[in-house]
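Let me begin by presenting the structure, written as structure tokens, before commenting on it.
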Amino acid sequence: MSERDIIDRVPKQVFVDGAWRASSDGSVFGVDDPGTESTLCEVADGQADDAKAAVEAAVEAQEEWAATPPRQRGEILRRAWQLMTDRTDELATLMTLEMGKSLTESRAEVAYAADYFRWFSEEAVRIDGDYSRTPDGKARMIVTRQPVGPCLLITPWNFPLAMGTRKIGPAVAAGCTMIVKPAQLTPLSMLALADLLTEAGLPGGVLNVVPSTSASRVVNPVLADPRIRKMSFTGSTEVGRKLVEQCAPNLQRMSMELGGNAAFLVFEDADLDAAVEGAVTAKMRNNGESCVAANRFLVHTSIAEEFTRRLTDRMAGLRMGHGTEPDVVVGPLVNDGQRAKVSELVEDAVSRGARATTGGEPGDGAGYFYRPTVLADVGDDARILREEVFGPVAPVTTFADEDEALAGANDTEYGLVGYVFTRDLERAVRVGEGLATGMVGINTGLVSNTSAPFGGVKASGFGREGGHEGITEYLDTKYLSLALRS
Ligand SMILES: O=CCCC(=O)O
């Protein structure tokens, strides 16, 4: 199928109550290709009235959906997994066109995203409960789990499918209905997903999608409605803080998957080949546009020069180009603003004494390209050590011992993930436990796994997605007390 056919096949409207329709005022917005800076197509620009209609549809569908047998819910997800897997190339091309990353990255994301549906198809039938005697023996306690109710799911542009399935999968499995607000920059993947879920048998009203150029126009009326019982957000810490405030009046439950500033620690006893490969994965997966991307490379002084040299060689050899071109590893960043922020942080570090051993500048021509970059001699005062760069830049600093490494790694408001490379098992456990993060990669640059609880601490948010914890975020615990007369 041609790229044009793939784009044309996507319904580009608001999806409410199982029907596609124009936005309430008929307005549309353009979706751009970051690799050419040209417009791909136009999508309905959702208004407050569309958001309100989506709330009505989700509320109306909730009771029946909650009563649907778990096996039936699971089988819809299983069919959706199969459809996504069968359409990997189509979905990957769509994602590359609207988001920029290479086709290899997009295919990997389709597999990762689909696997959340498979995982939660299995979790749907394992929602557990409990039965026990009270301590005095006079009553029985039945503990059961019920769906929290209609949810608002807000998804980001960096993983347009996987961050969707990671929320939609458990919501469907738990028996919740939902309104999804996809990122303005990448609505097509989510609209294609809604279409595919309908094909998989998801009833109308369970999933409603409202693309929009204004997040607040959609989010405000939804969260102001007390019938909406949960909000799940993946995005920046700054926006997350505002959403927490917005959930306060109605005390909606929240899952917050926010920013990161991951430290990547390489000890003197590390397998250096593995550490360099792990560093490339942890830095360059998704063009570096990932909340789990390694943002700070802390390397023992005795191996820092060697590590930097090898990392520089690997980064310099990565092929950059339009994401749909064969063999491209590094695509463009998502937009000009993102590239400008990367440039600014690199320039700041260089003005404070850092040296770019490769890259350090934007790519040539059209497209929001930034060259894979390694920065050596990065000063403690460089902003890049504090702020999430969300791009292909690896700043390297050094440490003298384990205490200094841990202190440096934890010297951040964020706490999503940390990476440790060492051959010493005791050290790996000590440092792994000492890192103030929700996740730790030991001798690996990739922690993301559908069967693992993904999430952070501190300014990286709260709640877990994926793993067994993932579905519990969409379930309320209810206890029934059963008195015995005799
Ligand atoms: O950017 C956030 C999510 C990344 C992942 O799930 O690996």
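Residues are referred to by chain and number: the chain letter is A, B, ... according to the order shown in the structure tokens, the number counts from 1 in that chain, and ligands are numbered separately from 1 in the order shown.
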
- Task: Can you pull out every residue within 8 Å of Glu37 (chain A), counting only C-alpha atoms, but drop anything in the same chain fewer than 5 positions away, and send it as a list in words?
- Result: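 Non-adjacent residues within range: Asp32, Ala366, Gly367 and Tyr368 of chain A.
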
Hey, can you spit out that residue selection with N, CA, C and O atoms as a PDB file, in the first residue's frame?
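The result, stored in out32.pdb:
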```pdb
ATOM      1  N   ASP A  32       1.540  17.348  10.273  1.00  0.00           N
ATOM      2  CA  ASP A  32       2.758  17.517   9.470  1.00  0.00           C
ATOM      3  C   ASP A  32       3.671  16.305   9.486  1.00  0.00           C
ATOM      4  O   ASP A  32       3.697  15.545  10.453  1.00  0.00           O
ATOM      5  N   ALA A 366      15.681  20.248   4.656  1.00  0.00           N
ATOM      6  CA  ALA A 366      14.345  20.252   5.276  1.00  0.00           C
ATOM      7  C   ALA A 366      14.250  19.105   6.284  1.00  0.00           C
ATOM      8  O   ALA A 366      14.982  18.122   6.208  1.00  0.00           O
ATOM      9  N   GLY A 367      13.346  19.246   7.235  1.00  0.00           N
ATOM     10  CA  GLY A 367      13.170  18.222   8.272  1.00  0.00           C
ATOM     11  C   GLY A 367      13.859  18.671   9.550  1.00  0.00           C
ATOM     12  O   GLY A 367      14.889  19.341   9.513  1.00  0.00           O
ATOM     13  N   TYR A 368      13.275  18.246  10.673  1.00  0.00           N
ATOM     14  CA  TYR A 368      13.761  18.731  11.981  1.00  0.00           C
ATOM     15  C   TYR A 368      14.871  17.827  12.524  1.00  0.00           C
ATOM     16  O   TYR A 368      14.739  17.231  13.588  1.00  0.00           O
TER      17      TYR A 368
END
```

- Message: Among region 13-180 of chain A, which residues does DSSP mark as helix (DSSP H, G or I) when it is run on the backbone? Keep the chain and numbering as in the structure and answer as an NGL selection string.
- Response: :A and (48-67 or 70-86 or 88-99 or 103-126 or 162-174)

- Task: Check every protein, DNA and RNA residue against ligand 1, keep those with an atom at most 6 Å away (counting only C-alpha atoms and all ligand atoms), and present them as a list of chain:residue names.
- Result: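 Residues satisfying the distance criterion: A:Ser290, A:Cys291, A:Val292, A:Ser448.
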
- Query: Out of region 29-245 of chain A, which residues get strand (DSSP E or B) from DSSP, as a VMD selection string?
  - Reply: chain A and resid 29 to 33 38 to 44 130 to 133 139 to 147 151 to 154 178 to 181 207 to 209 230 to 234

- Query: Taking into account only C-alpha atoms, which residue in the set A:Arg227, A:Gly100, A:Phe421, A:Glu238 is nearest to Glu277 (chain A)?
  - Reply: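 Of A:Arg227, A:Gly100, A:Phe421, A:Glu238, the one nearest Glu277 (chain A), counting only C-alpha atoms, is A:Phe421.
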
- Name the residues in contact with region 152-159 of chain A at a cut-off of 6 Å, using only C-alpha atoms, excluding same-chain residues fewer than 6 positions from it; report them as a list of chain:residue names. A:Met178, A:Ile179, A:Val180, A:Lys181, A:Pro182, A:Ala183, A:Thr186, A:Met231, A:Ser232, A:Phe233, A:Thr234, A:Gly235

For the selection just defined, write its residues with all heavy atoms to a file, as a PDB file, in the first residue's frame.
```pdb
ATOM      1  N   MET A 178     -14.100   5.014  28.077  1.00  0.00           N
ATOM      2  CA  MET A 178     -13.045   6.045  28.083  1.00  0.00           C
ATOM      3  C   MET A 178     -13.201   7.092  26.982  1.00  0.00           C
ATOM      4  O   MET A 178     -13.840   6.841  25.955  1.00  0.00           O
ATOM      5  CB  MET A 178     -11.681   5.375  27.950  1.00  0.00           C
ATOM      6  CG  MET A 178     -11.464   4.694  26.629  1.00  0.00           C
ATOM      7  SD  MET A 178     -10.425   3.221  26.743  1.00  0.00           S
ATOM      8  CE  MET A 178     -11.588   1.970  27.224  1.00  0.00           C
ATOM      9  N   ILE A 179     -12.550   8.223  27.264  1.00  0.00           N
ATOM     10  CA  ILE A 179     -12.395   9.289  26.271  1.00  0.00           C
ATOM     11  C   ILE A 179     -10.892   9.454  26.108  1.00  0.00           C
ATOM     12  O   ILE A 179     -10.183   9.628  27.109  1.00  0.00           O
ATOM     13  CB  ILE A 179     -12.990  10.619  26.788  1.00  0.00           C
ATOM     14  CG1 ILE A 179     -14.485  10.444  27.035  1.00  0.00           C
ATOM     15  CG2 ILE A 179     -12.731  11.769  25.814  1.00  0.00           C
ATOM     16  CD1 ILE A 179     -14.902  10.812  28.402  1.00  0.00           C
ATOM     17  N   VAL A 180     -10.419   9.387  24.874  1.00  0.00           N
ATOM     18  CA  VAL A 180      -8.984   9.549  24.645  1.00  0.00           C
ATOM     19  C   VAL A 180      -8.733  10.882  23.960  1.00  0.00           C
ATOM     20  O   VAL A 180      -9.384  11.222  22.969  1.00  0.00           O
ATOM     21  CB  VAL A 180      -8.418   8.411  23.766  1.00  0.00           C
ATOM     22  CG1 VAL A 180      -6.934   8.629  23.502  1.00  0.00           C
ATOM     23  CG2 VAL A 180      -8.636   7.060  24.426  1.00  0.00           C
ATOM     24  N   LYS A 181      -7.783  11.631  24.498  1.00  0.00           N
ATOM     25  CA  LYS A 181      -7.323  12.864  23.850  1.00  0.00           C
ATOM     26  C   LYS A 181      -5.901  12.581  23.364  1.00  0.00           C
ATOM     27  O   LYS A 181      -4.954  12.557  24.143  1.00  0.00           O
ATOM     28  CB  LYS A 181      -7.348  14.019  24.874  1.00  0.00           C
ATOM     29  CG  LYS A 181      -6.438  15.197  24.557  1.00  0.00           C
ATOM     30  CD  LYS A 181      -6.921  16.022  23.373  1.00  0.00           C
ATOM     31  CE  LYS A 181      -5.928  17.133  23.046  1.00  0.00           C
ATOM     32  NZ  LYS A 181      -4.684  16.670  22.391  1.00  0.00           N
ATOM     33  N   PRO A 182      -5.744  12.324  22.038  1.00  0.00           N
ATOM     34  CA  PRO A 182      -4.383  12.064  21.532  1.00  0.00           C
ATOM     35  C   PRO A 182      -3.610  13.370  21.371  1.00  0.00           C
ATOM     36  O   PRO A 182      -4.209  14.442  21.305  1.00  0.00           O
ATOM     37  CB  PRO A 182      -4.639  11.412  20.171  1.00  0.00           C
ATOM     38  CG  PRO A 182      -5.977  11.917  19.728  1.00  0.00           C
ATOM     39  CD  PRO A 182      -6.762  12.282  20.969  1.00  0.00           C
ATOM     40  N   ALA A 183      -2.292  13.257  21.270  1.00  0.00           N
ATOM     41  CA  ALA A 183      -1.465  14.457  21.088  1.00  0.00           C
ATOM     42  C   ALA A 183      -1.804  15.127  19.765  1.00  0.00           C
ATOM     43  O   ALA A 183      -2.055  14.454  18.762  1.00  0.00           O
ATOM     44  CB  ALA A 183       0.002  14.061  21.111  1.00  0.00           C
ATOM     45  N   THR A 186       0.277  13.946  16.728  1.00  0.00           N
ATOM     46  CA  THR A 186       0.194  12.572  16.212  1.00  0.00           C
ATOM     47  C   THR A 186      -1.202  11.951  16.390  1.00  0.00           C
ATOM     48  O   THR A 186      -1.330  10.893  17.022  1.00  0.00           O
ATOM     49  CB  THR A 186       1.218  11.679  16.941  1.00  0.00           C
ATOM     50  OG1 THR A 186       0.962  11.772  18.361  1.00  0.00           O
ATOM     51  CG2 THR A 186       2.647  12.038  16.658  1.00  0.00           C
ATOM     52  N   MET A 231      -8.311   9.652  35.594  1.00  0.00           N
ATOM     53  CA  MET A 231      -7.562  10.293  34.528  1.00  0.00           C
ATOM     54  C   MET A 231      -6.173   9.653  34.474  1.00  0.00           C
ATOM     55  O   MET A 231      -5.549   9.440  35.515  1.00  0.00           O
ATOM     56  CB  MET A 231      -7.438  11.775  34.854  1.00  0.00           C
ATOM     57  CG  MET A 231      -7.037  12.631  33.700  1.00  0.00           C
ATOM     58  SD  MET A 231      -5.308  12.946  33.630  1.00  0.00           S
ATOM     59  CE  MET A 231      -4.972  13.463  35.264  1.00  0.00           C
ATOM     60  N   SER A 232      -5.726   9.328  33.281  1.00  0.00           N
ATOM     61  CA  SER A 232      -4.369   8.798  33.134  1.00  0.00           C
ATOM     62  C   SER A 232      -3.649   9.665  32.116  1.00  0.00           C
ATOM     63  O   SER A 232      -4.155   9.897  31.015  1.00  0.00           O
ATOM     64  CB  SER A 232      -4.426   7.339  32.671  1.00  0.00           C
ATOM     65  OG  SER A 232      -3.109   6.880  32.440  1.00  0.00           O
ATOM     66  N   PHE A 233      -2.457  10.112  32.495  1.00  0.00           N
ATOM     67  CA  PHE A 233      -1.730  11.063  31.652  1.00  0.00           C
ATOM     68  C   PHE A 233      -0.296  10.616  31.457  1.00  0.00           C
ATOM     69  O   PHE A 233       0.378  10.223  32.421  1.00  0.00           O
ATOM     70  CB  PHE A 233      -1.761  12.448  32.321  1.00  0.00           C
ATOM     71  CG  PHE A 233      -0.880  13.487  31.666  1.00  0.00           C
ATOM     72  CD1 PHE A 233      -1.170  13.963  30.389  1.00  0.00           C
ATOM     73  CD2 PHE A 233       0.237  13.996  32.318  1.00  0.00           C
ATOM     74  CE1 PHE A 233      -0.357  14.926  29.781  1.00  0.00           C
ATOM     75  CE2 PHE A 233       1.049  14.961  31.727  1.00  0.00           C
ATOM     76  CZ  PHE A 233       0.747  15.428  30.450  1.00  0.00           C
ATOM     77  N   THR A 234       0.180  10.692  30.236  1.00  0.00           N
ATOM     78  CA  THR A 234       1.614  10.561  29.969  1.00  0.00           C
ATOM     79  C   THR A 234       2.052  11.844  29.291  1.00  0.00           C
ATOM     80  O   THR A 234       1.484  12.229  28.252  1.00  0.00           O
ATOM     81  CB  THR A 234       1.915   9.350  29.051  1.00  0.00           C
ATOM     82  OG1 THR A 234       1.524   8.164  29.719  1.00  0.00           O
ATOM     83  CG2 THR A 234       3.407   9.264  28.732  1.00  0.00           C
ATOM     84  N   GLY A 235       3.033  12.505  29.874  1.00  0.00           N
ATOM     85  CA  GLY A 235       3.503  13.772  29.300  1.00  0.00           C
ATOM     86  C   GLY A 235       4.431  14.472  30.285  1.00  0.00           C
ATOM     87  O   GLY A 235       5.018  13.839  31.174  1.00  0.00           O
TER      88      GLY A 235
END
```

- For CA of Ala54 (chain A) and CA of Val16 (chain A), determine how far apart the two atoms are, in Å to one decimal place. 5.4 Å

- Query: Neighbours of region 117-128 of chain A within 10 Å (only C-alpha atoms; same-chain residues fewer than 2 positions away dropped), as number ranges by chain?
  - Reply: A: 69-82, 84, 112-115, 130, 143-146, 162, 165-175, 450-451, 466-468, 470-472, 475

- Spatial neighbours of Val244 (chain A), 10 Å, only C-alpha atoms, chain gap at least 4 places, as number ranges by chain: A: 231, 233, 239-240, 248-249, 251-256

- Message: Would you pick out the contacts of Tyr414 (chain A) at 6 Å or less, using only C-alpha atoms, so that residues sharing its chain but fewer than 5 positions from it are not included, and give the list as a VMD selection string?
- Response: chain A and resid 260 to 261 458 to 460

Limited to all heavy atoms, could you put the picked residues into a file as an mmCIF file, in the first residue's frame?
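File produced: selection-v6.cif:
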```cif
data_model
loop_
_atom_site.group_PDB
_atom_site.id
_atom_site.type_symbol
_atom_site.label_atom_id
_atom_site.label_comp_id
_atom_site.auth_asym_id
_atom_site.auth_seq_id
_atom_site.Cartn_x
_atom_site.Cartn_y
_atom_site.Cartn_z
ATOM 1 N N GLY A 260 11.448 12.413 32.849
ATOM 2 C CA GLY A 260 12.556 11.665 33.453
ATOM 3 C C GLY A 260 13.869 12.392 33.212
ATOM 4 O O GLY A 260 13.939 13.327 32.415
ATOM 5 N N ASN A 261 14.894 11.955 33.928
ATOM 6 C CA ASN A 261 16.237 12.513 33.731
ATOM 7 C C ASN A 261 17.216 11.397 34.089
ATOM 8 O O ASN A 261 18.005 11.510 35.017
ATOM 9 C CB ASN A 261 16.437 13.746 34.628
ATOM 10 C CG ASN A 261 17.748 14.447 34.362
ATOM 11 O OD1 ASN A 261 18.440 14.153 33.390
ATOM 12 N ND2 ASN A 261 18.115 15.362 35.252
ATOM 13 N N LYS A 458 8.894 10.630 42.719
ATOM 14 C CA LYS A 458 9.212 12.067 42.735
ATOM 15 C C LYS A 458 8.512 12.778 41.555
ATOM 16 O O LYS A 458 7.357 12.474 41.247
ATOM 17 C CB LYS A 458 10.731 12.268 42.735
ATOM 18 C CG LYS A 458 11.406 11.586 43.926
ATOM 19 C CD LYS A 458 12.884 11.868 44.135
ATOM 20 C CE LYS A 458 13.756 12.331 43.091
ATOM 21 N NZ LYS A 458 15.182 12.337 43.328
ATOM 22 N N ALA A 459 9.227 13.664 40.874
ATOM 23 C CA ALA A 459 8.574 14.450 39.819
ATOM 24 C C ALA A 459 8.295 13.638 38.555
ATOM 25 O O ALA A 459 7.798 14.178 37.564
ATOM 26 C CB ALA A 459 9.422 15.672 39.475
ATOM 27 N N SER A 460 8.626 12.361 38.576
ATOM 28 C CA SER A 460 8.292 11.509 37.429
ATOM 29 C C SER A 460 6.895 10.926 37.555
ATOM 30 O O SER A 460 6.451 10.195 36.651
ATOM 31 C CB SER A 460 9.327 10.387 37.282
ATOM 32 O OG SER A 460 10.565 10.938 36.891
#
```
